[in-house]
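Some notes on the structure that comes next.
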Amino acid sequence: AETGDKADDELVIGMSFQELNNVYFVTMQRALQEAVNEMGASLVFTDARHDIAKQINDVEDMLQRGVDILLLNPTDSVGIQSAVMSAHDAGVPVVAVDAQAEGPIDGFVGSKNFDAGYKACHYMGEQLGGEGKVAILDGIPVIPILERVEGCQKALGEFESIEVVDKQNGHQERSTAMNVTENMLQAHPDLAGIFSVNDVGSLGALVAIQSSGMDVKLASVDGNPEAVKVLAQPNSPLIAIAAQHPATMVVQALELAVKKYRGEESPSEVPIDVTLVTADNAKEFTW
Amino acid sequence: MSTPTSDANPQPRRQRRSRASRLLHSPVFFPLVGFIAVFIVMALANDNFLLPNNLTNVARQGAIIAIIAVGMSFAIFTGGIDLSVGPVMALSGTIMAGLMAAGWPPTVAVIMGLLLGMVFGAFNGACVAFARMPPIIVTLATMGIARGLGLIYTGGYPISGLPAGFSFFGRGEVVGIQVPILIMLLVYLVAYVVLHHTSFGRYVYAIGGNEEATRLTGIRVPRYKLLVYTISGLTAAIAGLVITSRLMSGQPNAGTGFELDAIAAVVLGGAAIAGGRGAILGTLVGAMLLAILNNGLNLMGVSPYLQDVAKGTIILLAIYIGRGRNA
Amino acid sequence: MSTPTSDANPQPRRQRRSRASRLLHSPVFFPLVGFIAVFIVMALANDNFLLPNNLTNVARQGAIIAIIAVGMSFAIFTGGIDLSVGPVMALSGTIMAGLMAAGWPPTVAVIMGLLLGMVFGAFNGACVAFARMPPIIVTLATMGIARGLGLIYTGGYPISGLPAGFSFFGRGEVVGIQVPILIMLLVYLVAYVVLHHTSFGRYVYAIGGNEEATRLTGIRVPRYKLLVYTISGLTAAIAGLVITSRLMSGQPNAGTGFELDAIAAVVLGGAAIAGGRGAILGTLVGAMLLAILNNGLNLMGVSPYLQDVAKGTIILLAIYIGRGRNA
Amino acid sequence: MALLALEKVSKRFPGVRALNEVSLQVEAGEIHALLGENGAGKSTLMKILCGIHQPDSGEILIDGTPQHFSSYRRACAAGVGIVFQEFSLIPGLSVVDNIFLGREPRNRLGLIRHGVMLKQANALFERLDIDIDPQIHVHHLSVADQQFVEIAKALSLNARVLVLDEPTAPLTPTEVERLFTIMRQLREQGVAMVFISHHMEEIFEICDRVTVLRDGEYVTTLEVADTDAGALVELMVGRRVDNIFPDHHSHADSDDIVLEARIRMAGRKHTDYIQLARGEILGFAGLVGSGRTEMALAMIGAQPVTERQMQLEGHKVTLKSPADALKRGIGLLPENRKQQGLILPFTCADNITLNHLKHFQTRPPFISRRREREAVEALMDRVRVKAPGSDTVVGTLSGGNQQKVVIARWLERGCRVLIFDEPTRGIDVGAKSEIYALMKTLTAQGISIVMISSELPEITGLCDRVLVFNHGHVVAALSGDEIEAGTIMTHATRQISLDNPTGSTDESVATLERAS
Ligand SMILES: Nc1ncnc2c1ncn2[C@@H]1O[C@H](COP(=O)(O)OP(=O)(O)OP(=O)(O)O)[C@@H](O)[C@H]1O
Ligand SMILES: Nc1ncnc2c1ncn2[C@@H]1O[C@H](COP(=O)(O)OP(=O)(O)OP(=O)(O)O)[C@@H](O)[C@H]1O
Ligand SMILES: [Mg+2]
Ligand SMILES: [Mg+2]
């Protein structure tokens, strides 16, 4: 992209979210709004609802509206390519946030999703004493989620006596996750642990576990405040969350994008580490 | 008419249908056959399926859709449809949660939530009945509106921190029966009585059977349509009560796709989608059929992707068995 | 009527309609009025709206739903419905992508994808036509089946690595017109000719108007219903082609909720949901109305949650203006 | 050898034996009447002939060759055409599309040749002397015009065997004459026709032979010339029906005005005035499309109007819907039973009690099923519905029996004013006389009746006063000796100026206006 010359408070920042029905992304959006306010710039944002076709339309419309900087939280890394190209052609710097985007992007800021799955499940494996049956509560088939599952499976594979006995889809929606977990518990009365791909799912699973009275350990990804609060309670089934940092992530992405806009030197990729939150550090953790 | 020959007229009309024939012609017969068939298959395929604990699970999981499907039945019996049920459920539930979180007493909050569902339903009904707009498009539009309002109200955050007593509706037990199941049974009981023992019930079917004829006969069709959609809003709100209490949090995006499950329950229950024919107990059977499908496939550990395929196939088969009655 | 006085009888009924009256009674009239109204509002509210570049955007964005809505129109005109369009679109698109990624030449892959859509549609059609099952439940079931098959085929991962030439369908231009728009116009042209200038087109409306009477007239209703759903599968697959090429990747979970948008387009286009009445050009207008709504609200920077509410409200208003014709 | 022969045809429906070894022969160039009470099996026999129903046993022979018609399409191909008793047109399609549905002329590309189709339709209409815009959509047409389209459609098949199942039911006498002219032409051309009608005089006017059915059994076949109406009715009903009209004793109390209506229909220039006395039977006569039905709908608030002032027993009432009308005791029996009258998926019982469920609410809001059933069975006896039971689905009844179910709905509703729009359409002679008697009984109870009818004998035989409609307006009010076929037809067909519909001769209306 060419370098831009507008002052901070003249800038229009656009961000396209994959969804906004999830505290994780809402937190991101609010942090961004704050940062943008501080700059005195203005923000427009859209919600793709996990529909890549809609997301591309949203981006096109934002470009039409004349955004100077585009932050992209793609619902699909490959499918977003044509939107990235449109932005590139329009001379708007593009930074991908949370999930990678193909095409001529100017930067990527995101969590290490594979690590997240790995860390959460490795901790759970240890807590289970390296043995027992474990189930996975899957989510929407998008790359970050699939990577978490892969990371988890790798971690669990390192324990010889741990067996992954079931994998069901909770659609990252609380009541579905609850129902599916109830059924998994029914099918495997000797289940020892569950890995949920995100905290919306884990909060649903939690209801099922608690009302079943079974002793099942739960590990998850995200760092949703409600989940962290549960984690901090004594004897909580939820024992580990590989927490992401949505606010940090988006603010860094904005900084990176503004630098690109000004033509300043900047890294093109900023991986954000995930933090493993357990009972020990839950009290201190916040987004 | 006392015509000269009327006595010599051995009118066969006096004959009543036999009990067996009545059962066979009952609209609940084929849904029940389908249900039992799937039930047996699931019981054979899973050791855990028949455990009392699991059967309670199934009933409780199915309760939400089953409750929503009551309102959907009313709408479909009149020849209409209500696509807004999912978001109305979510909206009512979040409002209840929001009011309680703001310190309102649970009873008041619950009543407000139920009222809100009814108001929303009544708005649908007014558009359909008085503005004479097609139900499918009205409720498609209000579906978006309800979803948007729910999200605006909560800002996308679920609402938690509800008073402990509120968990009664989703997790409580009365005389050994879980409250969600009890609520479901109660809703069906009321719906059954209304549909089969009141004039309003008769009008519901009449409107679905031939709206123009019903109107010309002197029935206030718009009034009853308004009522039908209000009922649908109410049952959606009741489902919202149960789900909010069960999760102990108000979820603005709960209920996505529930309208399709509810429609499936009604049609699996033997109702004609064009209206005029159907049975509320059939809907209950249909909803429970969906619930044992979800539960059974989960229990079998069928991979999630394959579950979609299996569920679709079984629904097709179930309808195929009972077809002709629904065509 | 040649009563003794018929020559001197200026009965209004006998008069041929004037041109103006024909326009007013054309099913496209009210949708067009709604479209123009929304168009003007959007143009006034946004400086950027009328830019040629943006108008192209709108048309291209609307093309996917518009193409799907063609098949949906056929289904709705016969009094049916096709809820499986979204997943069928996704499945066809991923199959095309999968075959190309596996090294098949693009043309062959595209043909296979389109065939797959038709086969799926034909299956829907066979269930509706020969097994006499209700369309709404058949396509609800196959909706799940298609979605599941797509996810199984890809394992949930999108398929990328498509040959560069394939991008033509989604990103190419011919004589200055973008290919998706061109494909859309072509599909509408063919559909228009089929509906208005072939016997099959007559039968589509006849079946929706009075299926029993159509059957009694000696028309092979099942055969044409089969064809109708096959067409719906085909247009879904064409949409799959466009979207896959536009994204340059096969997306197994694309198209969620598209069935509702397509239905909205058809009904906004003035069709009766009960069948028998509607115009394919109305559907085009309806689809474009939805597209300008999405685009205009985005351009105005309306917050996403509020967009749901605004969109629903505008749809309600649009239908309200044109109501009576659709009731 | 007969062109068409049906040999020992039998057919059962669940719970009903519709036909039992019925035979019928029709020669080329013959018009053969098929006669029988409602539910005797006439339509069923004809549907078997046309391949719509399959016989349980028996044979269809054309030119002596056995035929197997698995569908109507097959029957058409063998030269059989039918005008159905129930309409078979597609409302959303144009007239021309309806006529050629399934047989569209196409060019080499497979596209419809609209021009050719239109030309053929126009030619056909010209030949049949029908004046309907072929491009208009069928749902814009009146019932009678729809019937002519049906007839044109059947004739366009150039069938050798043509079945006309109650084609005259929705037609007025002039139109019946036109139909007969067409039928005579066809007879000349050697077409074999089966003609079904409940009007005796029509049978004597046009038919050569007549076959009588009773309860699905073949009774006899006679030369029309060798018999008379009384004998036929006796064969058909199994008893003598001497005078189908009850004695002309009027229950009208002309001083006690129950209903006064001033109504101006949308798009009309004048207000019409209607007055109804207690116990009176007021006839609405007129040609098809003269606006009687519209007036009836306007009177119960079922249709928007420019002006509507109603006074019921001296009190002003506002009627915005049929429900308002019903609340005030005004009920309408609509002319089109399938579209406006019946809830087809309902049982007879549910149809009959629909508008007076309150009567059976022993403990409101609950309905006592037992009382409902008892009441229904009494009513079904009164109008003599032939059905396996009160829980029979109404859609499976014969046309005439369906009409009786609609009538039964109004008998116990307790209305002050009943508007009967073509109440005896499709009803057999025996039942007709019973319905007339019923109407008299109702008026004796002080109920006032408006009867719309296209059958002049019915109007002249039953009404105390008659309003004649012409071009949407009341053009004459007749009473006493003025009620006579010739006078009615004169007013009904009189050429009138649209600016002054009441015309110069219309003193009676003016008088009425003054009197009020
Ligand atoms: N589809 C059907 N299912 C069940 N019973 C039927 C069906 N069609 C006709 N019937 C019964 O068969 C008998 C004969 O009916 P049909 O229609 O042939 O009488 P019809 O002589 O034409 O009478 P109408 O003069 O009233 O038209 C009736 O008892 C009717 O109820
Ligand atoms: N000018 C017209 N244009 C279109 N349709 C008309 C026109 N005039 C009458 N009709 C239709 O034909 C019907 C004829 O009017 P109406 O039914 O009131 O007459 P009627 O005297 O009762 O005749 P019918 O015996 O056909 O019922 C109207 O209800 C209307 O649907
Ligand atoms: Mg008949
Ligand atoms: Mg009439």
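The way I read the labels, and the way they are meant: chains A, B, ... in the order of the structure tokens, residue 1 as the first residue of every chain, and ligand 1 as the first ligand shown, with later ones counted on from there.
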
Hey, which residues come within 6 Å of ligand 3 if we count only C-alpha atoms and all ligand atoms? Could you give them as a ChimeraX atom specification?
/D:42-43,398-399

Kindly work out which residues sit at most 10 Å from ligand 1, using only C-alpha atoms and all ligand atoms, and give the list as a ChimeraX atom specification.
/D:11-19,34-48,53,85-86,165-166,196-198,213-216,385-388,392-404,425-429

Near stretch 104-116 of chain B, counting only C-alpha atoms, which residues have an atom at most 9 Å away, once you skip same-chain residues fewer than 3 positions from it, shown as a count of residues only?
27

Tell me as a compact mmCIF listing (two decimals) with C-alpha atoms, in the first residue's frame which residues belonging to chain A come within 9 Å of chain C, counting only C-alpha atoms.
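Done, and the output landed in out_5.txt:
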# COMPACT_ATOMS: atom_id res chain seq x y z
CA LEU A 20 -20.06 -10.47 17.29
CA LEU A 43 -14.47 3.31 13.50
CA VAL A 44 -16.82 1.26 11.37
CA PHE A 45 -17.24 -2.43 11.96
CA THR A 46 -19.30 -5.29 10.56
CA ASP A 47 -20.39 -8.74 11.67
CA ALA A 48 -20.01 -11.57 9.13
CA HIS A 50 -19.38 -16.87 9.99
CA ASP A 51 -20.52 -16.31 6.43
CA ILE A 52 -17.49 -15.73 4.25
CA ALA A 53 -19.57 -14.44 1.35
CA LYS A 54 -21.13 -11.83 3.62
CA ILE A 56 -16.41 -10.18 1.52
CA ASN A 57 -19.45 -8.03 0.79
CA ASP A 58 -18.95 -6.22 4.09
CA GLU A 60 -16.27 -4.22 -0.24
CA ASP A 61 -18.88 -1.94 1.27
CA MET A 62 -16.41 -0.58 3.82
CA GLN A 64 -16.63 1.87 -0.84
CA ARG A 65 -17.31 3.94 2.19
CA GLY A 66 -13.68 5.00 2.17
CA ASP A 76 -12.06 -18.21 6.45
CA SER A 77 -8.42 -17.58 5.71
CA VAL A 78 -8.48 -18.61 2.05
CA GLY A 79 -11.91 -17.40 1.13
CA ILE A 80 -11.13 -13.89 2.34
CA GLN A 81 -8.49 -13.52 -0.33
CA SER A 82 -10.59 -11.53 -2.78
CA ALA A 83 -11.46 -9.04 -0.07
CA ILE A 140 -17.74 -24.55 13.95
CA PRO A 141 -15.38 -25.97 11.37
CA VAL A 142 -13.06 -23.02 10.84
CA ILE A 143 -9.27 -23.12 10.86
CA LEU A 146 -9.59 -27.07 13.84

Could you tell me, counting only C-alpha atoms and all ligand atoms, which protein and nucleic acid residues lie no more than 8 Å from ligand 2, written as a PDB file with N, CA, C and O atoms, in the first residue's frame?
ATOM      1  N   GLN C  11     -70.385  -3.903 -20.989  1.00  0.00           N
ATOM      2  CA  GLN C  11     -69.944  -4.450 -19.700  1.00  0.00           C
ATOM      3  C   GLN C  11     -68.453  -4.201 -19.526  1.00  0.00           C
ATOM      4  O   GLN C  11     -67.674  -4.533 -20.392  1.00  0.00           O
ATOM      5  N   PRO C  12     -68.091  -3.654 -18.401  1.00  0.00           N
ATOM      6  CA  PRO C  12     -66.672  -3.352 -18.209  1.00  0.00           C
ATOM      7  C   PRO C  12     -65.819  -4.614 -18.266  1.00  0.00           C
ATOM      8  O   PRO C  12     -64.688  -4.579 -18.683  1.00  0.00           O
ATOM      9  N   ARG C  13     -66.386  -5.705 -17.834  1.00  0.00           N
ATOM     10  CA  ARG C  13     -65.637  -6.950 -17.777  1.00  0.00           C
ATOM     11  C   ARG C  13     -65.115  -7.348 -19.151  1.00  0.00           C
ATOM     12  O   ARG C  13     -64.093  -7.986 -19.295  1.00  0.00           O
ATOM     13  N   ARG C  14     -65.849  -6.988 -20.150  1.00  0.00           N
ATOM     14  CA  ARG C  14     -65.478  -7.411 -21.487  1.00  0.00           C
ATOM     15  C   ARG C  14     -64.327  -6.594 -22.063  1.00  0.00           C
ATOM     16  O   ARG C  14     -63.727  -6.970 -23.020  1.00  0.00           O
TER      17      ARG C  14
ATOM     18  N   HIS D 139     -59.272 -16.060 -12.648  1.00  0.00           N
ATOM     19  CA  HIS D 139     -59.866 -15.676 -11.362  1.00  0.00           C
ATOM     20  C   HIS D 139     -60.624 -14.352 -11.444  1.00  0.00           C
ATOM     21  O   HIS D 139     -61.310 -13.988 -10.504  1.00  0.00           O
ATOM     22  N   HIS D 140     -60.490 -13.646 -12.548  1.00  0.00           N
ATOM     23  CA  HIS D 140     -61.280 -12.434 -12.724  1.00  0.00           C
ATOM     24  C   HIS D 140     -62.676 -12.731 -13.273  1.00  0.00           C
ATOM     25  O   HIS D 140     -63.510 -11.848 -13.359  1.00  0.00           O
ATOM     26  N   LEU D 141     -62.915 -13.967 -13.695  1.00  0.00           N
ATOM     27  CA  LEU D 141     -64.184 -14.275 -14.369  1.00  0.00           C
ATOM     28  C   LEU D 141     -65.268 -14.668 -13.378  1.00  0.00           C
ATOM     29  O   LEU D 141     -64.984 -15.201 -12.309  1.00  0.00           O
ATOM     30  N   SER D 142     -66.497 -14.417 -13.774  1.00  0.00           N
ATOM     31  CA  SER D 142     -67.615 -14.884 -12.960  1.00  0.00           C
ATOM     32  C   SER D 142     -67.743 -16.390 -13.125  1.00  0.00           C
ATOM     33  O   SER D 142     -67.160 -16.995 -14.031  1.00  0.00           O
ATOM     34  N   VAL D 143     -68.507 -16.982 -12.234  1.00  0.00           N
ATOM     35  CA  VAL D 143     -68.688 -18.419 -12.265  1.00  0.00           C
ATOM     36  C   VAL D 143     -69.190 -18.882 -13.631  1.00  0.00           C
ATOM     37  O   VAL D 143     -68.732 -19.884 -14.181  1.00  0.00           O
ATOM     38  N   ALA D 144     -70.133 -18.131 -14.186  1.00  0.00           N
ATOM     39  CA  ALA D 144     -70.718 -18.537 -15.452  1.00  0.00           C
ATOM     40  C   ALA D 144     -69.682 -18.474 -16.576  1.00  0.00           C
ATOM     41  O   ALA D 144     -69.587 -19.394 -17.398  1.00  0.00           O
ATOM     42  N   ASP D 145     -68.928 -17.401 -16.600  1.00  0.00           N
ATOM     43  CA  ASP D 145     -67.904 -17.302 -17.625  1.00  0.00           C
ATOM     44  C   ASP D 145     -66.881 -18.421 -17.483  1.00  0.00           C
ATOM     45  O   ASP D 145     -66.403 -18.983 -18.466  1.00  0.00           O
ATOM     46  N   PRO D 170     -74.406 -23.411 -13.111  1.00  0.00           N
ATOM     47  CA  PRO D 170     -74.177 -21.987 -12.859  1.00  0.00           C
ATOM     48  C   PRO D 170     -74.703 -21.063 -13.951  1.00  0.00           C
ATOM     49  O   PRO D 170     -74.367 -19.886 -13.956  1.00  0.00           O
ATOM     50  N   LEU D 171     -75.502 -21.551 -14.881  1.00  0.00           N
ATOM     51  CA  LEU D 171     -75.921 -20.715 -16.012  1.00  0.00           C
ATOM     52  C   LEU D 171     -77.364 -20.244 -15.870  1.00  0.00           C
ATOM     53  O   LEU D 171     -78.190 -20.911 -15.260  1.00  0.00           O
ATOM     54  N   THR D 172     -77.628 -19.087 -16.480  1.00  0.00           N
ATOM     55  CA  THR D 172     -79.004 -18.603 -16.532  1.00  0.00           C
ATOM     56  C   THR D 172     -79.660 -19.129 -17.807  1.00  0.00           C
ATOM     57  O   THR D 172     -78.969 -19.599 -18.710  1.00  0.00           O
ATOM     58  N   ALA D 285     -83.200 -11.617  -8.836  1.00  0.00           N
ATOM     59  CA  ALA D 285     -83.115 -12.239 -10.149  1.00  0.00           C
ATOM     60  C   ALA D 285     -82.197 -11.404 -11.023  1.00  0.00           C
ATOM     61  O   ALA D 285     -81.941 -10.238 -10.739  1.00  0.00           O
ATOM     62  N   GLY D 286     -81.725 -12.001 -12.089  1.00  0.00           N
ATOM     63  CA  GLY D 286     -80.854 -11.266 -12.988  1.00  0.00           C
ATOM     64  C   GLY D 286     -79.983 -12.210 -13.764  1.00  0.00           C
ATOM     65  O   GLY D 286     -79.942 -13.415 -13.479  1.00  0.00           O
ATOM     66  N   LEU D 287     -79.296 -11.657 -14.743  1.00  0.00           N
ATOM     67  CA  LEU D 287     -78.394 -12.489 -15.522  1.00  0.00           C
ATOM     68  C   LEU D 287     -77.151 -12.780 -14.709  1.00  0.00           C
ATOM     69  O   LEU D 287     -76.877 -12.128 -13.709  1.00  0.00           O
ATOM     70  N   VAL D 288     -76.406 -13.736 -15.191  1.00  0.00           N
ATOM     71  CA  VAL D 288     -75.130 -14.011 -14.573  1.00  0.00           C
ATOM     72  C   VAL D 288     -74.257 -12.773 -14.662  1.00  0.00           C
ATOM     73  O   VAL D 288     -74.208 -12.111 -15.693  1.00  0.00           O
ATOM     74  N   GLY D 289     -73.638 -12.421 -13.558  1.00  0.00           N
ATOM     75  CA  GLY D 289     -72.766 -11.257 -13.559  1.00  0.00           C
ATOM     76  C   GLY D 289     -73.519  -9.962 -13.364  1.00  0.00           C
ATOM     77  O   GLY D 289     -72.945  -8.887 -13.474  1.00  0.00           O
ATOM     78  N   SER D 290     -74.787 -10.041 -13.040  1.00  0.00           N
ATOM     79  CA  SER D 290     -75.558  -8.810 -12.901  1.00  0.00           C
ATOM     80  C   SER D 290     -75.338  -8.164 -11.530  1.00  0.00           C
ATOM     81  O   SER D 290     -75.869  -7.111 -11.260  1.00  0.00           O
ATOM     82  N   GLY D 291     -74.571  -8.828 -10.677  1.00  0.00           N
ATOM     83  CA  GLY D 291     -74.175  -8.178  -9.440  1.00  0.00           C
ATOM     84  C   GLY D 291     -74.951  -8.631  -8.217  1.00  0.00           C
ATOM     85  O   GLY D 291     -74.883  -7.996  -7.165  1.00  0.00           O
ATOM     86  N   ARG D 292     -75.662  -9.737  -8.310  1.00  0.00           N
ATOM     87  CA  ARG D 292     -76.444 -10.192  -7.157  1.00  0.00           C
ATOM     88  C   ARG D 292     -75.544 -10.684  -6.046  1.00  0.00           C
ATOM     89  O   ARG D 292     -75.730 -10.369  -4.868  1.00  0.00           O
ATOM     90  N   THR D 293     -74.541 -11.486  -6.441  1.00  0.00           N
ATOM     91  CA  THR D 293     -73.629 -12.022  -5.441  1.00  0.00           C
ATOM     92  C   THR D 293     -72.866 -10.904  -4.750  1.00  0.00           C
ATOM     93  O   THR D 293     -72.707 -10.886  -3.530  1.00  0.00           O
ATOM     94  N   GLU D 294     -72.443  -9.945  -5.556  1.00  0.00           N
ATOM     95  CA  GLU D 294     -71.716  -8.816  -4.994  1.00  0.00           C
ATOM     96  C   GLU D 294     -72.572  -8.098  -3.956  1.00  0.00           C
ATOM     97  O   GLU D 294     -72.092  -7.696  -2.896  1.00  0.00           O
ATOM     98  N   MET D 295     -73.830  -7.918  -4.283  1.00  0.00           N
ATOM     99  CA  MET D 295     -74.733  -7.248  -3.361  1.00  0.00           C
ATOM    100  C   MET D 295     -74.861  -8.057  -2.078  1.00  0.00           C
ATOM    101  O   MET D 295     -74.822  -7.501  -0.972  1.00  0.00           O
ATOM    102  N   ALA D 296     -74.993  -9.374  -2.228  1.00  0.00           N
ATOM    103  CA  ALA D 296     -75.131 -10.222  -1.050  1.00  0.00           C
ATOM    104  C   ALA D 296     -73.896 -10.092  -0.163  1.00  0.00           C
ATOM    105  O   ALA D 296     -74.003  -9.946   1.062  1.00  0.00           O
ATOM    106  N   GLU D 335     -72.357 -18.793  -2.896  1.00  0.00           N
ATOM    107  CA  GLU D 335     -72.720 -19.522  -4.111  1.00  0.00           C
ATOM    108  C   GLU D 335     -71.715 -20.602  -4.468  1.00  0.00           C
ATOM    109  O   GLU D 335     -72.060 -21.570  -5.114  1.00  0.00           O
ATOM    110  N   ASP D 421     -77.491 -17.768  -1.584  1.00  0.00           N
ATOM    111  CA  ASP D 421     -77.020 -17.495  -2.938  1.00  0.00           C
ATOM    112  C   ASP D 421     -76.991 -18.810  -3.702  1.00  0.00           C
ATOM    113  O   ASP D 421     -76.156 -19.669  -3.435  1.00  0.00           O
ATOM    114  N   GLU D 422     -77.880 -18.955  -4.637  1.00  0.00           N
ATOM    115  CA  GLU D 422     -78.003 -20.174  -5.437  1.00  0.00           C
ATOM    116  C   GLU D 422     -78.034 -21.408  -4.541  1.00  0.00           C
ATOM    117  O   GLU D 422     -77.186 -22.293  -4.635  1.00  0.00           O
ATOM    118  N   ILE D 452     -81.018 -15.645  -3.902  1.00  0.00           N
ATOM    119  CA  ILE D 452     -80.464 -15.343  -5.212  1.00  0.00           C
ATOM    120  C   ILE D 452     -80.586 -16.614  -6.025  1.00  0.00           C
ATOM    121  O   ILE D 452     -80.198 -17.690  -5.562  1.00  0.00           O
ATOM    122  N   SER D 453     -81.172 -16.514  -7.197  1.00  0.00           N
ATOM    123  CA  SER D 453     -81.285 -17.721  -7.989  1.00  0.00           C
ATOM    124  C   SER D 453     -81.284 -17.385  -9.461  1.00  0.00           C
ATOM    125  O   SER D 453     -81.783 -16.346  -9.880  1.00  0.00           O
ATOM    126  N   SER D 454     -80.679 -18.246 -10.225  1.00  0.00           N
ATOM    127  CA  SER D 454     -80.696 -18.087 -11.666  1.00  0.00           C
ATOM    128  C   SER D 454     -81.756 -18.973 -12.283  1.00  0.00           C
ATOM    129  O   SER D 454     -81.863 -19.065 -13.493  1.00  0.00           O
ATOM    130  N   PHE D 469     -81.861  -7.531 -11.012  1.00  0.00           N
ATOM    131  CA  PHE D 469     -80.556  -6.872 -11.137  1.00  0.00           C
ATOM    132  C   PHE D 469     -80.159  -6.812 -12.603  1.00  0.00           C
ATOM    133  O   PHE D 469     -80.392  -7.745 -13.362  1.00  0.00           O
ATOM    134  N   GLY D 472     -75.332  -4.547 -12.302  1.00  0.00           N
ATOM    135  CA  GLY D 472     -74.883  -4.184 -10.973  1.00  0.00           C
ATOM    136  C   GLY D 472     -75.867  -3.353 -10.172  1.00  0.00           C
ATOM    137  O   GLY D 472     -75.543  -2.918  -9.073  1.00  0.00           O
TER     138      GLY D 472
END
